[in-house]
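What follows is the content of start_33.cif, which has mmCIF, C-alpha atoms:
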data_protein
#
loop_
_atom_site.label_atom_id
_atom_site.label_comp_id
_atom_site.auth_asym_id
_atom_site.auth_seq_id
_atom_site.Cartn_x
_atom_site.Cartn_y
_atom_site.Cartn_z
CA MET A 154 -16.26 -45.12 -12.04
CA VAL A 155 -15.87 -48.30 -14.14
CA ASP A 156 -19.56 -49.11 -13.67
CA ARG A 157 -20.57 -45.61 -14.76
CA LEU A 158 -18.45 -45.86 -17.94
CA GLY A 159 -20.01 -49.25 -18.66
CA GLU A 160 -23.50 -47.74 -18.35
CA VAL A 161 -22.60 -44.96 -20.79
CA MET A 162 -21.15 -47.48 -23.27
CA GLN A 163 -24.31 -49.62 -23.05
CA ALA A 164 -26.43 -46.53 -23.68
CA VAL A 165 -24.41 -45.79 -26.83
CA ARG A 166 -24.86 -49.35 -28.11
CA THR A 167 -28.59 -49.27 -27.45
CA PHE A 168 -28.87 -45.97 -29.33
CA ALA A 169 -26.79 -47.26 -32.29
CA GLY A 170 -28.81 -50.46 -32.58
CA GLU A 171 -27.80 -52.49 -35.67
CA ALA A 172 -25.94 -49.59 -37.31
CA PRO A 173 -22.25 -50.40 -37.97
CA GLN A 174 -19.70 -48.52 -35.84
CA ALA A 175 -18.03 -45.81 -38.00
CA ASP A 176 -15.05 -45.00 -35.77
CA ASP A 177 -13.27 -45.85 -32.54
CA ILE A 178 -14.90 -44.94 -29.24
CA THR A 179 -12.75 -43.55 -26.43
CA MET A 180 -14.13 -42.79 -22.98
CA LEU A 181 -12.50 -40.89 -20.13
CA GLY A 182 -13.90 -40.74 -16.62
CA LEU A 183 -12.90 -38.18 -13.96
CA ARG A 184 -13.79 -38.25 -10.29
CA TYR A 185 -13.85 -34.85 -8.47
CA HIS A 186 -13.02 -35.12 -4.78
CA GLY A 187 -13.33 -31.39 -3.99
CA VAL A 188 -10.92 -29.19 -2.04
CA THR A 189 -10.72 -27.75 1.44
CA PRO A 190 -10.71 -23.94 1.04
CA SER A 191 -8.58 -23.35 4.13
CA ASP A 192 -5.84 -25.53 2.70
CA VAL A 193 -5.60 -23.78 -0.66
CA ALA A 194 -4.02 -20.36 -1.07
CA ALA A 195 -5.44 -17.94 -3.60
CA LEU A 196 -2.94 -18.02 -6.46
CA VAL A 197 -4.01 -14.73 -8.02
CA PHE A 198 -5.46 -11.60 -6.43
CA ARG A 199 -8.21 -9.77 -8.30
CA GLN A 200 -10.36 -6.91 -7.04
CA THR A 201 -12.23 -4.00 -8.60
CA ILE A 202 -12.95 -0.75 -6.79
CA PRO A 203 -14.87 2.40 -7.78
CA ASN A 204 -12.92 5.60 -8.39
CA GLN A 205 -13.37 6.78 -4.81
CA LEU A 206 -10.65 7.46 -2.24
CA MET A 207 -12.65 5.74 0.50
CA ALA A 208 -12.38 2.44 -1.40
CA ILE A 209 -8.57 2.32 -1.26
CA PRO A 210 -8.12 1.08 2.36
CA ASP A 211 -10.42 -1.92 1.84
CA LEU A 212 -8.46 -2.98 -1.23
CA GLN A 213 -5.18 -2.58 0.63
CA MET A 214 -6.44 -4.79 3.45
CA ALA A 215 -7.55 -7.47 1.00
CA PHE A 216 -4.16 -7.39 -0.75
CA GLU A 217 -2.38 -7.61 2.61
CA GLN A 218 -4.28 -10.79 3.42
CA TYR A 219 -3.39 -12.24 0.04
CA VAL A 220 0.34 -11.39 0.29
CA ALA A 221 0.55 -12.57 3.91
CA GLN A 222 0.00 -16.16 2.73
CA TRP A 223 3.71 -16.19 1.79
CA GLU A 224 6.19 -15.69 4.61
CA ALA A 225 8.84 -14.26 2.28
CA ALA A 226 6.39 -11.62 1.07
CA LYS A 227 5.18 -10.39 4.47
CA PRO A 228 8.07 -7.94 5.08
CA HIS A 229 7.09 -6.07 1.91
CA ILE A 230 3.52 -5.32 3.01
CA PRO A 231 4.26 -1.74 4.19
CA THR A 232 5.97 -0.89 0.90
CA LEU A 233 3.15 -2.48 -1.10
CA ASN A 234 0.62 -0.49 0.90
CA MET A 235 2.52 2.70 0.18
CA ALA A 236 2.57 2.00 -3.56
CA LEU A 237 -1.12 1.10 -3.72
CA ASP A 238 -2.04 4.20 -1.78
CA ASP A 239 0.01 6.53 -3.99
CA LEU A 240 -0.88 4.96 -7.33
CA LEU A 241 -4.60 4.46 -6.66
CA ASN A 242 -4.86 7.95 -5.19
CA ASN A 243 -3.36 9.30 -8.40
CA VAL A 244 -5.86 7.40 -10.56
CA VAL A 245 -8.87 8.48 -8.49
CA GLN A 246 -7.78 12.13 -8.37
CA TYR A 247 -6.61 12.69 -11.93
CA ALA A 248 -7.69 9.94 -14.35
CA PHE A 249 -11.28 11.12 -14.77
CA PRO A 250 -11.27 14.96 -14.97
CA ASN A 251 -14.70 16.61 -15.17
CA ASP A 252 -16.37 13.20 -15.28
CA PRO A 253 -18.89 12.65 -12.45
CA THR A 254 -19.81 9.12 -13.53
CA GLU A 255 -18.51 6.13 -11.64
CA HIS A 256 -15.57 4.26 -13.12
CA HIS A 257 -13.90 1.07 -11.99
CA ILE A 258 -10.24 0.43 -11.26
CA GLU A 259 -8.97 -3.13 -11.51
CA VAL A 260 -6.11 -4.44 -9.38
CA GLU A 261 -4.53 -7.82 -10.03
CA GLY A 262 -1.69 -9.26 -7.96
CA GLU A 263 0.42 -12.37 -7.78
CA VAL A 264 3.24 -13.81 -5.68
CA ARG A 265 5.34 -16.18 -7.75
CA ASP A 266 8.91 -17.04 -8.69
CA ALA A 267 10.38 -14.87 -5.90
CA TRP A 268 8.42 -11.81 -7.00
CA VAL A 269 5.36 -9.97 -5.76
CA ILE A 270 3.59 -8.28 -8.66
CA PHE A 271 0.52 -6.12 -9.00
CA THR A 272 -1.12 -4.36 -11.94
CA ILE A 273 -3.51 -1.40 -11.86
CA THR A 274 -5.81 -0.94 -14.84
CA ASP A 275 -8.18 1.98 -15.43
CA ASP A 276 -10.13 3.51 -18.31
CA GLY A 277 -9.11 7.07 -17.53
CA ILE A 278 -7.40 9.57 -19.79
CA PRO A 279 -4.07 8.38 -21.26
CA PHE A 280 -1.31 9.08 -18.79
CA ASN A 281 2.09 7.51 -18.24
CA PRO A 282 3.21 8.33 -14.66
CA LEU A 283 6.76 7.27 -15.53
CA THR A 284 7.13 10.46 -17.57
CA VAL A 285 6.76 12.61 -14.43
CA ALA A 286 10.03 14.35 -13.59
CA PRO A 287 11.53 13.29 -10.25
CA PRO A 288 11.51 15.88 -7.47
CA ASP A 289 14.60 18.03 -7.05
CA LEU A 290 16.07 16.61 -3.84
CA SER A 291 18.81 19.24 -3.87
CA LEU A 292 16.29 21.86 -2.79
CA LEU A 293 15.38 22.44 0.83
CA LEU A 294 12.19 20.61 1.75
CA HIS A 295 10.16 23.78 2.18
CA GLU A 296 11.40 25.16 -1.18
CA ARG A 297 10.10 22.26 -3.26
CA GLU A 298 6.99 22.01 -5.36
CA ILE A 299 4.36 19.75 -3.83
CA GLY A 300 3.90 16.68 -6.02
CA GLY A 301 5.96 14.05 -7.84
CA LEU A 302 7.01 12.23 -4.68
CA GLY A 303 4.62 9.31 -5.09
CA ILE A 304 5.91 7.91 -8.37
CA HIS A 305 9.47 8.78 -7.26
CA LEU A 306 9.04 6.55 -4.19
CA VAL A 307 7.49 3.73 -6.20
CA ARG A 308 10.26 3.77 -8.80
CA SER A 309 12.92 3.93 -6.07
CA MET A 310 11.54 1.16 -3.86
CA PHE A 311 10.46 -1.37 -6.51
CA ASP A 312 12.58 -3.37 -8.93
CA GLU A 313 10.45 -2.91 -12.04
CA VAL A 314 7.73 -0.42 -12.95
CA SER A 315 6.19 -0.42 -16.43
CA TYR A 316 3.31 1.30 -18.20
CA HIS A 317 1.41 0.72 -21.42
CA ARG A 318 -1.88 1.75 -22.97
CA HIS A 319 -4.06 -1.17 -24.03
CA VAL A 320 -7.47 -0.95 -25.70
CA GLY A 321 -8.29 2.41 -24.18
CA ARG A 322 -6.98 1.56 -20.72
CA ASN A 323 -3.96 2.59 -18.66
CA VAL A 324 -2.03 -0.44 -17.40
CA LEU A 325 0.67 0.04 -14.75
CA THR A 326 2.62 -2.97 -13.47
CA VAL A 327 4.86 -2.94 -10.40
CA LYS A 328 7.26 -5.72 -9.37
CA LYS A 329 9.19 -6.29 -6.14
CA LYS A 330 11.76 -9.05 -5.77
CA LEU A 331 11.52 -11.00 -2.53
CA ALA A 332 14.49 -11.37 -0.25
CA SER A 333 14.13 -15.17 -0.15
CA GLU A 334 16.04 -17.09 -2.83
CA THR A 335 13.46 -19.87 -2.79
CA PRO A 336 10.85 -19.48 -5.56
CA THR A 337 7.63 -18.71 -3.70
CA SER A 338 5.55 -20.65 -6.20
CA MET A 339 7.17 -23.79 -4.74
CA VAL A 340 6.56 -22.87 -1.12
CA ARG A 341 3.28 -23.70 0.55
CA PRO A 342 1.78 -20.52 2.05
CA GLY A 343 1.60 -20.42 5.81
CA LYS A 344 -1.67 -20.49 7.75
CA SER A 345 -0.82 -17.81 10.29
CA GLY A 346 -3.92 -15.86 11.19
CA VAL A 347 -2.04 -12.62 11.86
CA SER A 348 0.01 -10.95 9.16
CA ALA A 349 3.02 -8.75 9.81
CA PHE A 350 0.89 -5.69 9.14
CA GLU A 351 -1.88 -6.80 11.45
CA VAL A 352 0.57 -7.18 14.28
CA GLU A 353 1.62 -3.55 13.89
CA MET A 354 -2.00 -2.48 14.09
CA LEU A 355 -2.56 -3.96 17.53
CA PRO A 356 -3.69 -1.38 20.13
CA GLN A 357 -0.87 0.65 21.66
CA PRO A 358 -0.70 1.23 25.41
CA SER A 359 -2.12 4.60 26.42
CA ARG A 360 -0.12 7.15 28.36
CA PRO A 361 -1.52 9.03 31.35
CA ASP A 362 -0.45 12.44 29.99
CA SER A 363 -1.95 11.82 26.54
CA LYS A 364 -4.78 13.73 24.96
CA HIS A 365 -6.41 12.02 22.01
CA LEU A 366 -7.36 14.27 19.12
CA GLY A 367 -9.05 12.49 16.24
CA LYS A 368 -9.47 8.79 15.73
CA ASN A 369 -5.88 7.90 14.78
CA ILE A 370 -3.79 10.76 16.15
CA GLU A 371 -2.47 11.41 19.63
CA SER A 372 -1.23 14.82 20.83
CA ARG A 373 0.55 15.48 24.11
CA ARG A 374 2.81 18.12 25.54
CA SER A 375 6.34 17.76 26.87
CA GLY A 376 7.35 21.10 28.35
CA THR A 377 7.24 23.65 25.52
CA VAL A 378 7.04 20.97 22.82
CA MET A 379 3.86 19.56 21.29
CA ILE A 380 4.25 15.90 20.28
CA VAL A 381 1.88 14.64 17.57
CA THR A 382 1.74 10.86 17.02
CA PRO A 383 -0.22 9.36 14.10
CA GLN A 384 -1.41 5.78 14.63
CA ALA A 385 -1.19 2.73 12.31
CA ARG A 386 -0.96 4.44 8.89
CA PHE A 387 -0.03 7.78 7.38
CA ASP A 388 -1.78 7.77 4.02
CA THR A 389 -4.83 8.91 2.06
CA ASN A 390 -7.17 7.81 4.81
CA SER A 391 -5.43 9.47 7.78
CA ALA A 392 -3.44 12.35 6.27
CA PRO A 393 -6.29 14.92 6.26
CA GLU A 394 -6.81 14.47 10.01
CA VAL A 395 -3.08 14.65 10.77
CA GLU A 396 -2.86 17.82 8.68
CA ARG A 397 -5.86 19.36 10.45
CA ILE A 398 -4.35 18.71 13.88
CA LEU A 399 -0.88 19.97 12.92
CA MET A 400 -2.30 23.15 11.39
CA ASN A 401 -4.51 23.70 14.44
CA HIS A 402 -1.47 23.49 16.71
CA ILE A 403 0.47 25.89 14.50
CA GLY A 404 -2.49 28.26 14.32
CA GLN A 405 -2.76 28.22 18.10
CA GLY A 406 0.82 29.41 18.43
CA GLU A 407 2.83 26.18 18.80
CA ARG A 408 6.39 26.81 17.58
CA GLN A 409 8.02 23.56 18.66
CA ILE A 410 6.44 20.40 17.28
CA VAL A 411 7.72 16.82 17.14
CA LEU A 412 5.97 14.50 14.72
CA ASP A 413 6.48 11.04 16.21
CA LEU A 414 6.27 8.35 13.50
CA SER A 415 7.02 5.39 15.77
CA ARG A 416 3.47 4.00 15.69
CA ILE A 417 2.80 3.93 11.96
CA SER A 418 3.41 0.89 9.78
CA TYR A 419 3.96 2.88 6.59
CA ILE A 420 3.85 6.35 5.08
CA SER A 421 2.90 7.31 1.52
CA SER A 422 3.58 10.51 -0.41
CA ILE A 423 0.22 11.82 0.80
CA GLY A 424 1.66 11.75 4.32
CA LEU A 425 4.84 13.42 3.07
CA ARG A 426 2.77 16.25 1.61
CA VAL A 427 1.30 16.88 5.05
CA ILE A 428 4.80 17.06 6.51
CA LEU A 429 5.84 19.42 3.73
CA LYS A 430 2.89 21.74 4.37
CA ALA A 431 3.57 21.73 8.11
CA VAL A 432 7.28 22.51 7.60
CA MET A 433 6.38 25.39 5.28
CA ALA A 434 3.89 26.76 7.82
CA MET A 435 6.41 26.48 10.67
CA THR A 436 9.09 28.22 8.58
CA ARG A 437 6.78 31.18 8.01
CA THR A 438 6.21 31.51 11.76
CA ASP A 439 9.87 31.02 12.77
CA GLY A 440 9.04 27.67 14.33
CA LYS A 441 10.51 24.19 13.90
CA LEU A 442 9.14 20.72 13.28
CA VAL A 443 11.26 17.61 13.88
CA LEU A 444 10.42 14.05 12.82
CA CYS A 445 11.35 11.00 14.88
CA GLY A 446 10.91 7.25 15.09
CA GLY A 447 9.61 4.91 12.43
CA ASN A 448 10.33 1.43 11.12
CA ASP A 449 12.69 0.58 8.25
CA HIS A 450 10.06 1.41 5.63
CA VAL A 451 9.32 4.82 7.16
CA ARG A 452 13.01 5.72 7.42
CA THR A 453 13.61 4.67 3.82
CA VAL A 454 10.72 6.81 2.57
CA LEU A 455 12.00 9.81 4.54
CA GLN A 456 15.50 9.31 3.20
CA LEU A 457 14.27 9.07 -0.40
CA SER A 458 12.23 12.24 0.11
CA GLY A 459 15.26 14.12 1.36
CA ALA A 460 13.90 14.69 4.87
CA LEU A 461 16.92 13.09 6.49
CA MET A 462 19.33 15.32 4.55
CA MET A 463 17.51 18.39 5.75
CA SER A 464 18.21 17.36 9.38
CA LEU A 465 14.51 17.15 10.18
CA TYR A 466 14.78 13.58 11.44
CA ALA A 467 15.88 12.25 14.82
CA SER A 468 16.06 8.54 15.53
CA THR A 469 14.59 8.82 19.03
CA LEU A 470 12.00 10.99 20.73
CA GLU A 471 14.61 12.25 23.19
CA GLU A 472 16.85 13.45 20.35
CA ALA A 473 13.88 15.09 18.64
CA LEU A 474 12.91 16.99 21.78
CA SER A 475 16.47 18.22 22.14
CA ASP A 476 16.72 19.26 18.48
CA VAL A 477 13.45 21.15 18.38
CA GLN A 478 14.25 23.08 21.57
CA GLU A 479 17.71 24.08 20.32
CA ALA A 480 15.99 26.10 17.61
CA ARG A 481 14.70 28.64 20.15
#
Could I get this structure in the form of structure tokens?
Amino acid sequence: MVDRLGEVMQAVRTFAGEAPQADDITMLGLRYHGVTPSDVAALVFRQTIPNQLMAIPDLQMAFEQYVAQWEAAKPHIPTLNMALDDLLNNVVQYAFPNDPTEHHIEVEGEVRDAWVIFTITDDGIPFNPLTVAPPDLSLLLHEREIGGLGIHLVRSMFDEVSYHRHVGRNVLTVKKKLASETPTSMVRPGKSGVSAFEVEMLPQPSRPDSKHLGKNIESRRSGTVMIVTPQARFDTNSAPEVERILMNHIGQGERQIVLDLSRISYISSIGLRVILKAVMAMTRTDGKLVLCGGNDHVRTVLQLSGALMMSLYASTLEEALSDVQEAR
């Protein structure tokens, strides 16, 4: 480095020749040693997707991988997935009415100072989702209007949610405080190759009396009860297939159905809408649907939606089978 600076200084003197020096000369040399990508965590997440529902799962997976670099943030992956699914679904479905052209939705995220933060920006029509009235949880589940659950869940399960309009764009920011008291910006991300979410997506053991209907849904009978078990996720991507299978069972005369949620990692309001539609259909036919199973995230979402208060939930499959058969 010293030799290189000397060469530059000699080149300056040669160029100046006999001309007097008009000012001081200061030289600074930097040597770049490079970095090893595997040893450096991405500090900020940035990704842009088109306004298409099919693009949401890929973005969720990328954000999972980003968040999973911090051990303290891993437990929040199901809740983050739920929020991204609900909020991005809302943008894709409603931000660009009667506009067939492709638009882009930007998502930025960061894990720092004991917070996980993400911002969704779009150039759709002005809309502040925080003005949406919360659902009336005092009503029976099948008496409620469909809608409003998504932003209700996000506001209930996150610490801060804010909206503003900036230069013709909607900007929604969501913040979740981590359980760890140690600022995550000071903690070196782990190098584990499997995130908490990826572990939950590992293949489940098959059962000899199972009949697989659809890619991510399993249906099987236990006596007079039809048990429907979604796999991995219950969101924008899987909800239409779960709804199709539930409605097929109801249309074929099933009056006792257990929806087993023990194999999903998270549920969004899109999944709740499917449950709502199924409950309404079963009520019209004098049938009964009972929910069971689920991790902490799933149980929290059900509780916030009022499903637990309506006695539709059983903690175990055995309890669910008993409850649904008592209705006959």
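Computed from the coordinates, the atom CA of Asp239 of chain A to atom CA of Lys441 of chain A distance equals 27.2 Å.
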In Å to one decimal, how far is atom CA of His257 of chain A from atom CA of Leu196 of chain A?
22.7 Å
Can you list what the PyMOL selection byres ((chain A and resi 210) around 12) grabs from this structure, as a list in words?
Ile202, Gln205, Leu206, Met207, Ala208, Ile209, Asp211, Leu212, Gln213, Met214, Ala215, Phe216, Glu217, Asn234, Met235, Leu237, Asp238, Asp239, Leu241, Asn242, Arg386, Phe387, Asp388, Thr389, Asn390 and Ser391 of chain A
Residues matched by the PyMOL selection byres ((chain A and resi 440) around 10), written as an mmCIF file with C-alpha atoms, keeping the file's coordinate frame:
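In the end it all went to selection_17.cif:
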data_model
loop_
_atom_site.group_PDB
_atom_site.id
_atom_site.type_symbol
_atom_site.label_atom_id
_atom_site.label_comp_id
_atom_site.auth_asym_id
_atom_site.auth_seq_id
_atom_site.Cartn_x
_atom_site.Cartn_y
_atom_site.Cartn_z
ATOM 1 C CA ILE A 403 0.470 25.890 14.500
ATOM 2 C CA GLY A 406 0.820 29.410 18.430
ATOM 3 C CA GLU A 407 2.830 26.180 18.800
ATOM 4 C CA ARG A 408 6.390 26.810 17.580
ATOM 5 C CA GLN A 409 8.020 23.560 18.660
ATOM 6 C CA ILE A 410 6.440 20.400 17.280
ATOM 7 C CA VAL A 432 7.280 22.510 7.600
ATOM 8 C CA MET A 433 6.380 25.390 5.280
ATOM 9 C CA ALA A 434 3.890 26.760 7.820
ATOM 10 C CA MET A 435 6.410 26.480 10.670
ATOM 11 C CA THR A 436 9.090 28.220 8.580
ATOM 12 C CA ARG A 437 6.780 31.180 8.010
ATOM 13 C CA THR A 438 6.210 31.510 11.760
ATOM 14 C CA ASP A 439 9.870 31.020 12.770
ATOM 15 C CA LYS A 441 10.510 24.190 13.900
ATOM 16 C CA LEU A 442 9.140 20.720 13.280
ATOM 17 C CA VAL A 477 13.450 21.150 18.380
ATOM 18 C CA ALA A 480 15.990 26.100 17.610
ATOM 19 C CA ARG A 481 14.700 28.640 20.150
#
Could you tell me which residues the PyMOL selection byres ((chain A and resi 457) around 12) returns for this structure, as number ranges by chain?
A: 287-291, 294, 302-310, 421-422, 425, 450-456, 458-463
